[in-house]
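Below is one structure, written out as structure tokens; comments come after it.
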Amino acid sequence: MTTVLCVLYDDPVDGYPPAYPRDGIPRIERYFDGQTTPTPERIDFTPGELLGCVSGELGLRGFLEEQGHRLIVTADKDGPDSVFERELPGADVVISQPFWPAYLTAERIAAAPNLKLAITAGIGSDHVNLQAAMDRGMTVAEVTYCNSISVAEHVVMAILALVRNYIPSYKVVIEGGWNIADCAARSYDLEGMQVGTVGAGRIGSAVLRRLHPFELGLHYTDRYRLPEETERRLGLTYHPDAGSLVQVCDVVTINAPLHPETEHMFDEKLIATMKRGAYLVNTARGKICDEHAVARALESGQLAGYAGDVWFPQPAPRDHPWRSMPHHGMTPHISGTSLSAQARYAAGTREILECWLEDRPIREEYLIVQGGALAGAGAHSYSAGDATGGSGAAARFRAG
């Protein structure tokens with residue numbers, strides 16, 4: 001019997017939905033680069049349902065229990081008295097999402113002698129101490145590409161919301177007002193601006209494709225340069241590093257993975273080199289930015305706006321400076337957990353489990369760590385080391 005410990009976010013405040021606004025979601029079989037969407041042997045859920053919360057269970061219970069395995073699902077993940085901490089020593093598999101991450105620190109991995117597999121139901125496995133996983137010989141896998149377009153769409157939305165001053169203008173209506181000057185005083189056109197992405201992988205390149213019709217200047221930096229034909233078709237300017245990119249851009253979007261080389265990349269020093277009044281959008285990982293440097297830059301006017309949906313830790317403590325800083329467009333980490341994305345990452349999680357339980361190879365593109373080393377997508381995107389330090393502060397969210 002395999003024990004699977006699954007950490008998911010809480011159910012809706014008013015309970016699990018009895019119905020949904022739409023009757024279904026579009027069926028997508030391949031992504032932009034030709035990679036197929038998840039292909040489990042079957043699924044036990046209806047695409048378009050809420051699967052990422054506790055009651056949704058990623059649609060896994062029937063599949064696992066029919067084979068005699070044990071599934072534990074909880075949202076209680078932080079602190080020494082949490083369900084996650086209590087059940088971890090007996091777990092063979094841990095499943096977590098980036099939106100409500102079960103931080104697998106070195107200490108937690110050491111306390112879980114049976115743990116062999118960590119699955120990210122989504123993309124981005126930085127909540128796992130990858131170095132400790134390598135040292136232990138664990139496998140770490142994620143559902144690569146499952147919600148990349150979901151995040152890219154959120155990026156475009158966030159850019160427009162900041163530049164056009166949408167959120168304060170919406171608030172004027174909610175509060176019964178009609179002061180157009182207040183709304184327009186911070187509103188600009190995106191047309192003609194210079195927009196750059198730090199990271200041009202699946203998400204970053206999708207953002208560039210979606211922004212191209214807006215008739216603006218597009219810039220990017222990445223450890224891997226895009227094909228010349230792509231640069232020409234989208235009118236891209238390549239920069240060797242983030243430092244040279246941010247100096248010329250009016251809007252900067254971060255679409256890079258979190259690992260020791262990117263941790264706190266956007267600090268006081270780098271933000272100071274950005275154009276005064278630039279906008280910064282971060283849907284990658286909160287820890288790529290120094291939270292206090294961002295807040296100070298908004299207060300001083302160095303940044304005109306900051307938006308995104310990623311924080312560190314998650315959930316963010318209630319006194320996190322990004323909750324109260326001016327001119328922000330923050331949301332909880334929702335960009336990659338639309339109902340459309342959930343259908344794909346739930347199916348991908350099942351595909352990974354089917355392979356692992358049947359001792360079949362997991363897709364190369366889903367692998368992050370295997371055999372004591374970075375593997376598959378992990379070898380392309382990450383560097384060895386640990387980015388989980390400080391995650392214990394997530395327990396402060398429940399404490400208030």
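Within each chain, counting starts at residue 1; across the structure tokens, chains are named A, B, ... in the order shown, with ligands numbered 1 upward in that order.
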Skip segment 293-297 of chain A itself and residues of its chain fewer than 3 positions away, then list as a PDB file with N, CA, C and O atoms, in the first residue's frame all residues within 10 Å of it, counting only C-alpha atoms.
```
ATOM      1  N   HIS A 264      15.777  36.844  -4.902  1.00  0.00           N
ATOM      2  CA  HIS A 264      15.987  38.267  -4.612  1.00  0.00           C
ATOM      3  C   HIS A 264      16.740  38.983  -5.733  1.00  0.00           C
ATOM      4  O   HIS A 264      17.474  39.950  -5.485  1.00  0.00           O
ATOM      5  N   PHE A 266      15.428  40.947  -7.976  1.00  0.00           N
ATOM      6  CA  PHE A 266      14.923  42.327  -7.998  1.00  0.00           C
ATOM      7  C   PHE A 266      15.017  42.890  -6.590  1.00  0.00           C
ATOM      8  O   PHE A 266      14.068  42.868  -5.808  1.00  0.00           O
ATOM      9  N   ASP A 267      16.205  43.413  -6.300  1.00  0.00           N
ATOM     10  CA  ASP A 267      16.466  44.019  -5.001  1.00  0.00           C
ATOM     11  C   ASP A 267      16.523  45.534  -5.153  1.00  0.00           C
ATOM     12  O   ASP A 267      16.226  46.080  -6.229  1.00  0.00           O
ATOM     13  N   GLU A 268      16.886  46.218  -4.089  1.00  0.00           N
ATOM     14  CA  GLU A 268      16.954  47.690  -4.106  1.00  0.00           C
ATOM     15  C   GLU A 268      17.847  48.192  -5.241  1.00  0.00           C
ATOM     16  O   GLU A 268      17.515  49.149  -5.957  1.00  0.00           O
ATOM     17  N   LYS A 269      18.972  47.519  -5.425  1.00  0.00           N
ATOM     18  CA  LYS A 269      19.953  47.965  -6.413  1.00  0.00           C
ATOM     19  C   LYS A 269      19.415  47.854  -7.835  1.00  0.00           C
ATOM     20  O   LYS A 269      19.526  48.803  -8.631  1.00  0.00           O
ATOM     21  N   LEU A 270      18.815  46.702  -8.181  1.00  0.00           N
ATOM     22  CA  LEU A 270      18.317  46.530  -9.543  1.00  0.00           C
ATOM     23  C   LEU A 270      17.113  47.427  -9.807  1.00  0.00           C
ATOM     24  O   LEU A 270      17.014  48.050 -10.878  1.00  0.00           O
ATOM     25  N   ILE A 271      16.210  47.533  -8.851  1.00  0.00           N
ATOM     26  CA  ILE A 271      15.028  48.379  -9.044  1.00  0.00           C
ATOM     27  C   ILE A 271      15.424  49.839  -9.249  1.00  0.00           C
ATOM     28  O   ILE A 271      14.787  50.572 -10.012  1.00  0.00           O
ATOM     29  N   ALA A 272      16.503  50.247  -8.604  1.00  0.00           N
ATOM     30  CA  ALA A 272      16.971  51.638  -8.743  1.00  0.00           C
ATOM     31  C   ALA A 272      17.436  51.946 -10.155  1.00  0.00           C
ATOM     32  O   ALA A 272      17.481  53.118 -10.559  1.00  0.00           O
ATOM     33  N   ARG A 276      12.245  55.538 -13.966  1.00  0.00           N
ATOM     34  CA  ARG A 276      11.327  56.042 -12.940  1.00  0.00           C
ATOM     35  C   ARG A 276       9.907  55.928 -13.453  1.00  0.00           C
ATOM     36  O   ARG A 276       9.592  56.326 -14.575  1.00  0.00           O
ATOM     37  N   GLY A 277       9.032  55.354 -12.645  1.00  0.00           N
ATOM     38  CA  GLY A 277       7.649  55.173 -13.057  1.00  0.00           C
ATOM     39  C   GLY A 277       7.409  53.913 -13.866  1.00  0.00           C
ATOM     40  O   GLY A 277       6.351  53.775 -14.487  1.00  0.00           O
ATOM     41  N   LEU A 280       6.152  46.849 -12.689  1.00  0.00           N
ATOM     42  CA  LEU A 280       6.754  45.531 -12.504  1.00  0.00           C
ATOM     43  C   LEU A 280       5.645  44.524 -12.245  1.00  0.00           C
ATOM     44  O   LEU A 280       4.799  44.723 -11.363  1.00  0.00           O
ATOM     45  N   CYS A 289      11.727  38.709  -5.910  1.00  0.00           N
ATOM     46  CA  CYS A 289      11.774  40.124  -5.533  1.00  0.00           C
ATOM     47  C   CYS A 289      12.020  40.268  -4.033  1.00  0.00           C
ATOM     48  O   CYS A 289      11.536  39.455  -3.240  1.00  0.00           O
ATOM     49  N   ASP A 290      12.732  41.306  -3.665  1.00  0.00           N
ATOM     50  CA  ASP A 290      12.859  41.696  -2.261  1.00  0.00           C
ATOM     51  C   ASP A 290      11.581  42.449  -1.895  1.00  0.00           C
ATOM     52  O   ASP A 290      11.305  43.522  -2.430  1.00  0.00           O
ATOM     53  N   SER A 300       8.165  55.607  -3.013  1.00  0.00           N
ATOM     54  CA  SER A 300       8.999  56.716  -3.484  1.00  0.00           C
ATOM     55  C   SER A 300       8.626  57.182  -4.882  1.00  0.00           C
ATOM     56  O   SER A 300       9.007  58.285  -5.300  1.00  0.00           O
ATOM     57  N   GLY A 301       7.907  56.346  -5.649  1.00  0.00           N
ATOM     58  CA  GLY A 301       7.584  56.677  -7.030  1.00  0.00           C
ATOM     59  C   GLY A 301       8.553  56.080  -8.032  1.00  0.00           C
ATOM     60  O   GLY A 301       8.380  56.261  -9.241  1.00  0.00           O
ATOM     61  N   GLN A 302       9.584  55.385  -7.577  1.00  0.00           N
ATOM     62  CA  GLN A 302      10.485  54.723  -8.518  1.00  0.00           C
ATOM     63  C   GLN A 302       9.718  53.709  -9.363  1.00  0.00           C
ATOM     64  O   GLN A 302       9.937  53.581 -10.558  1.00  0.00           O
ATOM     65  N   LEU A 303       8.796  52.982  -8.746  1.00  0.00           N
ATOM     66  CA  LEU A 303       7.870  52.134  -9.472  1.00  0.00           C
ATOM     67  C   LEU A 303       6.495  52.800  -9.467  1.00  0.00           C
ATOM     68  O   LEU A 303       6.050  53.304  -8.433  1.00  0.00           O
ATOM     69  N   ALA A 304       5.819  52.791 -10.624  1.00  0.00           N
ATOM     70  CA  ALA A 304       4.451  53.330 -10.687  1.00  0.00           C
ATOM     71  C   ALA A 304       3.426  52.284 -10.293  1.00  0.00           C
ATOM     72  O   ALA A 304       2.302  52.632  -9.919  1.00  0.00           O
ATOM     73  N   GLY A 305       3.791  51.014 -10.370  1.00  0.00           N
ATOM     74  CA  GLY A 305       2.850  49.959 -10.008  1.00  0.00           C
ATOM     75  C   GLY A 305       3.531  48.613  -9.945  1.00  0.00           C
ATOM     76  O   GLY A 305       4.556  48.384 -10.603  1.00  0.00           O
ATOM     77  N   TYR A 306       2.983  47.734  -9.139  1.00  0.00           N
ATOM     78  CA  TYR A 306       3.476  46.361  -9.020  1.00  0.00           C
ATOM     79  C   TYR A 306       2.262  45.451  -8.958  1.00  0.00           C
ATOM     80  O   TYR A 306       1.315  45.701  -8.199  1.00  0.00           O
ATOM     81  N   PRO A 321       4.074  43.251   3.591  1.00  0.00           N
ATOM     82  CA  PRO A 321       4.007  44.631   3.073  1.00  0.00           C
ATOM     83  C   PRO A 321       3.287  44.758   1.738  1.00  0.00           C
ATOM     84  O   PRO A 321       2.784  45.835   1.411  1.00  0.00           O
ATOM     85  N   TRP A 322       3.204  43.690   0.969  1.00  0.00           N
ATOM     86  CA  TRP A 322       2.535  43.789  -0.325  1.00  0.00           C
ATOM     87  C   TRP A 322       1.021  43.883  -0.201  1.00  0.00           C
ATOM     88  O   TRP A 322       0.335  44.217  -1.164  1.00  0.00           O
ATOM     89  N   ARG A 323       0.484  43.602   0.963  1.00  0.00           N
ATOM     90  CA  ARG A 323      -0.962  43.755   1.153  1.00  0.00           C
ATOM     91  C   ARG A 323      -1.358  45.225   1.286  1.00  0.00           C
ATOM     92  O   ARG A 323      -2.483  45.603   0.954  1.00  0.00           O
ATOM     93  N   SER A 324      -0.442  46.058   1.779  1.00  0.00           N
ATOM     94  CA  SER A 324      -0.801  47.439   2.115  1.00  0.00           C
ATOM     95  C   SER A 324      -0.018  48.490   1.345  1.00  0.00           C
ATOM     96  O   SER A 324      -0.272  49.679   1.501  1.00  0.00           O
ATOM     97  N   MET A 325       0.925  48.107   0.510  1.00  0.00           N
ATOM     98  CA  MET A 325       1.715  49.106  -0.223  1.00  0.00           C
ATOM     99  C   MET A 325       0.837  49.798  -1.269  1.00  0.00           C
ATOM    100  O   MET A 325      -0.172  49.247  -1.719  1.00  0.00           O
ATOM    101  N   PRO A 326       1.206  51.026  -1.677  1.00  0.00           N
ATOM    102  CA  PRO A 326       0.378  51.759  -2.648  1.00  0.00           C
ATOM    103  C   PRO A 326       0.544  51.212  -4.066  1.00  0.00           C
ATOM    104  O   PRO A 326       1.551  50.579  -4.398  1.00  0.00           O
ATOM    105  N   HIS A 327      -0.464  51.475  -4.891  1.00  0.00           N
ATOM    106  CA  HIS A 327      -0.407  51.248  -6.339  1.00  0.00           C
ATOM    107  C   HIS A 327      -0.070  49.798  -6.705  1.00  0.00           C
ATOM    108  O   HIS A 327       0.732  49.537  -7.606  1.00  0.00           O
ATOM    109  N   HIS A 328      -0.686  48.874  -6.001  1.00  0.00           N
ATOM    110  CA  HIS A 328      -0.428  47.474  -6.333  1.00  0.00           C
ATOM    111  C   HIS A 328      -1.686  46.834  -6.916  1.00  0.00           C
ATOM    112  O   HIS A 328      -2.803  47.322  -6.748  1.00  0.00           O
TER     113      HIS A 328
END
```
DSSP helix (DSSP H, G or I) residues within segment 119-313 of chain A, listed as a PyMOL selection string:
chain A and resi 130-136+148-163+166-174+180-184+202-214+228-234+242-246+268-272+286-288+291-300
Atom CA of Cys183 of chain A and atom CA of Ser169 of chain A, how far apart in Å?
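Value for the atom CA of Ser169 of chain A-atom CA of Cys183 of chain A distance: 5.1 Å.
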Counting only C-alpha atoms, what is within 12 Å of Ala161 of chain A, bar same-chain residues fewer than 4 positions away, as a short mmCIF file (atom, residue, chain, number, x, y, z; two decimals) with N, CA and C atoms, in the first residue's frame?
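File selection_32.cif, as written:
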```cif
data_model
loop_
_atom_site.label_atom_id
_atom_site.label_comp_id
_atom_site.auth_asym_id
_atom_site.auth_seq_id
_atom_site.Cartn_x
_atom_site.Cartn_y
_atom_site.Cartn_z
N HIS A 154 -2.80 35.93 -17.45
CA HIS A 154 -2.85 36.75 -16.24
C HIS A 154 -1.84 37.89 -16.32
N VAL A 155 -0.67 37.62 -16.88
CA VAL A 155 0.36 38.66 -17.02
C VAL A 155 -0.17 39.82 -17.87
N VAL A 156 -0.75 39.50 -19.02
CA VAL A 156 -1.28 40.55 -19.89
C VAL A 156 -2.37 41.34 -19.17
N MET A 157 -3.24 40.64 -18.47
CA MET A 157 -4.28 41.32 -17.70
C MET A 157 -3.68 42.26 -16.66
N ASN A 165 -4.70 51.91 -15.00
CA ASN A 165 -5.24 52.29 -13.68
C ASN A 165 -6.63 51.71 -13.45
N TYR A 166 -6.80 50.46 -13.87
CA TYR A 166 -8.13 49.84 -13.85
C TYR A 166 -8.66 49.61 -12.43
N ILE A 167 -7.84 49.09 -11.54
CA ILE A 167 -8.35 48.69 -10.23
C ILE A 167 -8.86 49.89 -9.42
N PRO A 168 -8.11 51.00 -9.31
CA PRO A 168 -8.67 52.16 -8.62
C PRO A 168 -9.92 52.72 -9.29
N SER A 169 -9.98 52.64 -10.63
CA SER A 169 -11.16 53.15 -11.34
C SER A 169 -12.38 52.28 -11.05
N TYR A 170 -12.20 50.98 -10.99
CA TYR A 170 -13.29 50.08 -10.61
C TYR A 170 -13.76 50.39 -9.19
N ARG A 186 -3.63 58.62 -13.36
CA ARG A 186 -2.56 57.61 -13.38
C ARG A 186 -2.76 56.62 -14.52
N SER A 187 -3.51 57.00 -15.55
CA SER A 187 -3.83 56.08 -16.64
C SER A 187 -3.07 56.45 -17.91
N TYR A 188 -2.44 55.46 -18.53
CA TYR A 188 -1.65 55.66 -19.75
C TYR A 188 -2.05 54.61 -20.78
N ASP A 189 -1.61 54.83 -22.03
CA ASP A 189 -1.75 53.80 -23.07
C ASP A 189 -0.52 52.89 -23.05
N LEU A 190 -0.76 51.62 -23.28
CA LEU A 190 0.36 50.67 -23.41
C LEU A 190 1.05 50.83 -24.76
N TYR A 279 6.61 49.88 -14.45
CA TYR A 279 5.69 48.92 -13.84
C TYR A 279 6.38 47.57 -13.77
N LEU A 280 6.15 46.85 -12.69
CA LEU A 280 6.75 45.53 -12.50
C LEU A 280 5.65 44.52 -12.24
N VAL A 281 5.63 43.46 -13.02
CA VAL A 281 4.63 42.39 -12.89
C VAL A 281 5.36 41.09 -12.59
N GLY A 305 3.79 51.01 -10.37
CA GLY A 305 2.85 49.96 -10.01
C GLY A 305 3.53 48.61 -9.94
N TYR A 306 2.98 47.73 -9.14
CA TYR A 306 3.48 46.36 -9.02
C TYR A 306 2.26 45.45 -8.96
N ALA A 307 2.27 44.41 -9.76
CA ALA A 307 1.15 43.46 -9.75
C ALA A 307 1.68 42.05 -9.92
N GLY A 308 0.86 41.14 -9.55
CA GLY A 308 1.19 39.73 -9.67
C GLY A 308 0.33 38.96 -8.69
N HIS A 327 -0.46 51.48 -4.89
CA HIS A 327 -0.41 51.25 -6.34
C HIS A 327 -0.07 49.80 -6.70
N HIS A 328 -0.69 48.87 -6.00
CA HIS A 328 -0.43 47.47 -6.33
C HIS A 328 -1.69 46.83 -6.92
N GLY A 329 -1.47 45.72 -7.61
CA GLY A 329 -2.57 44.96 -8.18
C GLY A 329 -2.41 43.48 -7.84
N MET A 330 -2.17 43.20 -6.56
CA MET A 330 -1.90 41.83 -6.13
C MET A 330 -3.18 41.02 -5.96
#
```
Using only C-alpha atoms, the residue out of A:Leu357, A:Arg233, A:Pro12, A:Gly392 with shortest distance to Lys77 of chain A is A:Gly392
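Between atom CA of Asn147 of chain A and atom CA of Leu104 of chain A there is a distance of 22.0 Å.
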Could you write out, as a PyMOL selection string, all the residues of segment 133-354 of chain A that DSSP marks as strand (DSSP E or B)?
chain A and resi 139-142+194-198+217-221+236-238+251-254+266+278-282+289+303-308+328-330
Store the residues picked out above, limited to N, CA and C atoms, as a compact mmCIF listing (two decimals), in the first residue's frame.
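Listed below is the output, selection_21.txt:
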```txt
# COMPACT_ATOMS: atom_id res chain seq x y z
N THR A 139 12.47 11.40 -6.38
CA THR A 139 12.03 11.93 -7.67
C THR A 139 11.11 13.12 -7.40
N VAL A 140 11.32 14.20 -8.12
CA VAL A 140 10.45 15.37 -8.07
C VAL A 140 9.92 15.59 -9.49
N ALA A 141 8.61 15.72 -9.62
CA ALA A 141 8.00 15.89 -10.94
C ALA A 141 6.92 16.95 -10.88
N GLU A 142 6.67 17.59 -12.00
CA GLU A 142 5.59 18.58 -12.10
C GLU A 142 4.92 18.44 -13.46
N GLN A 194 7.86 50.27 -24.04
CA GLN A 194 8.85 49.19 -24.15
C GLN A 194 8.58 48.19 -23.03
N VAL A 195 8.32 46.94 -23.41
CA VAL A 195 7.95 45.91 -22.44
C VAL A 195 8.94 44.76 -22.54
N GLY A 196 9.43 44.31 -21.38
CA GLY A 196 10.42 43.24 -21.39
C GLY A 196 10.08 42.14 -20.42
N THR A 197 10.49 40.92 -20.76
CA THR A 197 10.31 39.78 -19.87
C THR A 197 11.66 39.24 -19.42
N VAL A 198 11.76 39.01 -18.13
CA VAL A 198 12.91 38.31 -17.57
C VAL A 198 12.53 36.84 -17.51
N GLY A 217 7.36 48.04 -28.14
CA GLY A 217 8.68 47.43 -28.23
C GLY A 217 8.78 46.26 -27.28
N LEU A 218 9.29 45.13 -27.76
CA LEU A 218 9.37 43.92 -26.94
C LEU A 218 10.82 43.52 -26.71
N HIS A 219 11.12 43.20 -25.47
CA HIS A 219 12.48 42.85 -25.06
C HIS A 219 12.44 41.58 -24.23
N TYR A 220 13.57 40.85 -24.19
CA TYR A 220 13.63 39.67 -23.33
C TYR A 220 15.06 39.36 -22.94
N THR A 221 15.20 38.67 -21.83
CA THR A 221 16.47 38.06 -21.44
C THR A 221 16.18 36.67 -20.92
N LEU A 236 11.66 41.19 -31.44
CA LEU A 236 12.23 41.13 -30.10
C LEU A 236 13.65 41.66 -30.07
N THR A 237 13.97 42.34 -28.97
CA THR A 237 15.34 42.74 -28.69
C THR A 237 15.86 41.88 -27.55
N TYR A 238 16.97 41.20 -27.78
CA TYR A 238 17.56 40.32 -26.76
C TYR A 238 18.53 41.10 -25.88
N VAL A 251 7.73 48.61 -18.82
CA VAL A 251 7.06 47.52 -18.12
C VAL A 251 7.98 46.32 -18.11
N VAL A 252 8.16 45.71 -16.96
CA VAL A 252 8.98 44.50 -16.84
C VAL A 252 8.12 43.40 -16.23
N THR A 253 8.09 42.24 -16.86
CA THR A 253 7.37 41.10 -16.32
C THR A 253 8.36 39.98 -16.03
N ILE A 254 8.23 39.37 -14.87
CA ILE A 254 9.15 38.32 -14.44
C ILE A 254 8.49 36.97 -14.71
N PHE A 266 15.43 40.95 -7.98
CA PHE A 266 14.92 42.33 -8.00
C PHE A 266 15.02 42.89 -6.59
N ALA A 278 8.36 52.99 -13.86
CA ALA A 278 8.15 51.71 -14.55
C ALA A 278 7.15 50.86 -13.77
N TYR A 279 6.61 49.88 -14.45
CA TYR A 279 5.69 48.92 -13.84
C TYR A 279 6.38 47.57 -13.77
N LEU A 280 6.15 46.85 -12.69
CA LEU A 280 6.75 45.53 -12.50
C LEU A 280 5.65 44.52 -12.24
N VAL A 281 5.63 43.46 -13.02
CA VAL A 281 4.63 42.39 -12.89
C VAL A 281 5.36 41.09 -12.59
N ASN A 282 4.92 40.40 -11.56
CA ASN A 282 5.60 39.18 -11.14
C ASN A 282 4.58 38.07 -10.91
N CYS A 289 11.73 38.71 -5.91
CA CYS A 289 11.77 40.12 -5.53
C CYS A 289 12.02 40.27 -4.03
N LEU A 303 8.80 52.98 -8.75
CA LEU A 303 7.87 52.13 -9.47
C LEU A 303 6.49 52.80 -9.47
N ALA A 304 5.82 52.79 -10.62
CA ALA A 304 4.45 53.33 -10.69
C ALA A 304 3.43 52.28 -10.29
N GLY A 305 3.79 51.01 -10.37
CA GLY A 305 2.85 49.96 -10.01
C GLY A 305 3.53 48.61 -9.94
N TYR A 306 2.98 47.73 -9.14
CA TYR A 306 3.48 46.36 -9.02
C TYR A 306 2.26 45.45 -8.96
N ALA A 307 2.27 44.41 -9.76
CA ALA A 307 1.15 43.46 -9.75
C ALA A 307 1.68 42.05 -9.92
N GLY A 308 0.86 41.14 -9.55
CA GLY A 308 1.19 39.73 -9.67
C GLY A 308 0.33 38.96 -8.69
N HIS A 328 -0.69 48.87 -6.00
CA HIS A 328 -0.43 47.47 -6.33
C HIS A 328 -1.69 46.83 -6.92
N GLY A 329 -1.47 45.72 -7.61
CA GLY A 329 -2.57 44.96 -8.18
C GLY A 329 -2.41 43.48 -7.84
N MET A 330 -2.17 43.20 -6.56
CA MET A 330 -1.90 41.83 -6.13
C MET A 330 -3.18 41.02 -5.96
```
Using only C-alpha atoms, which protein or nucleic acid residues come within 10 Å of Glu364 of chain A? Drop anything in the same chain fewer than 6 positions from it, and give the result as a count of residues only.
6
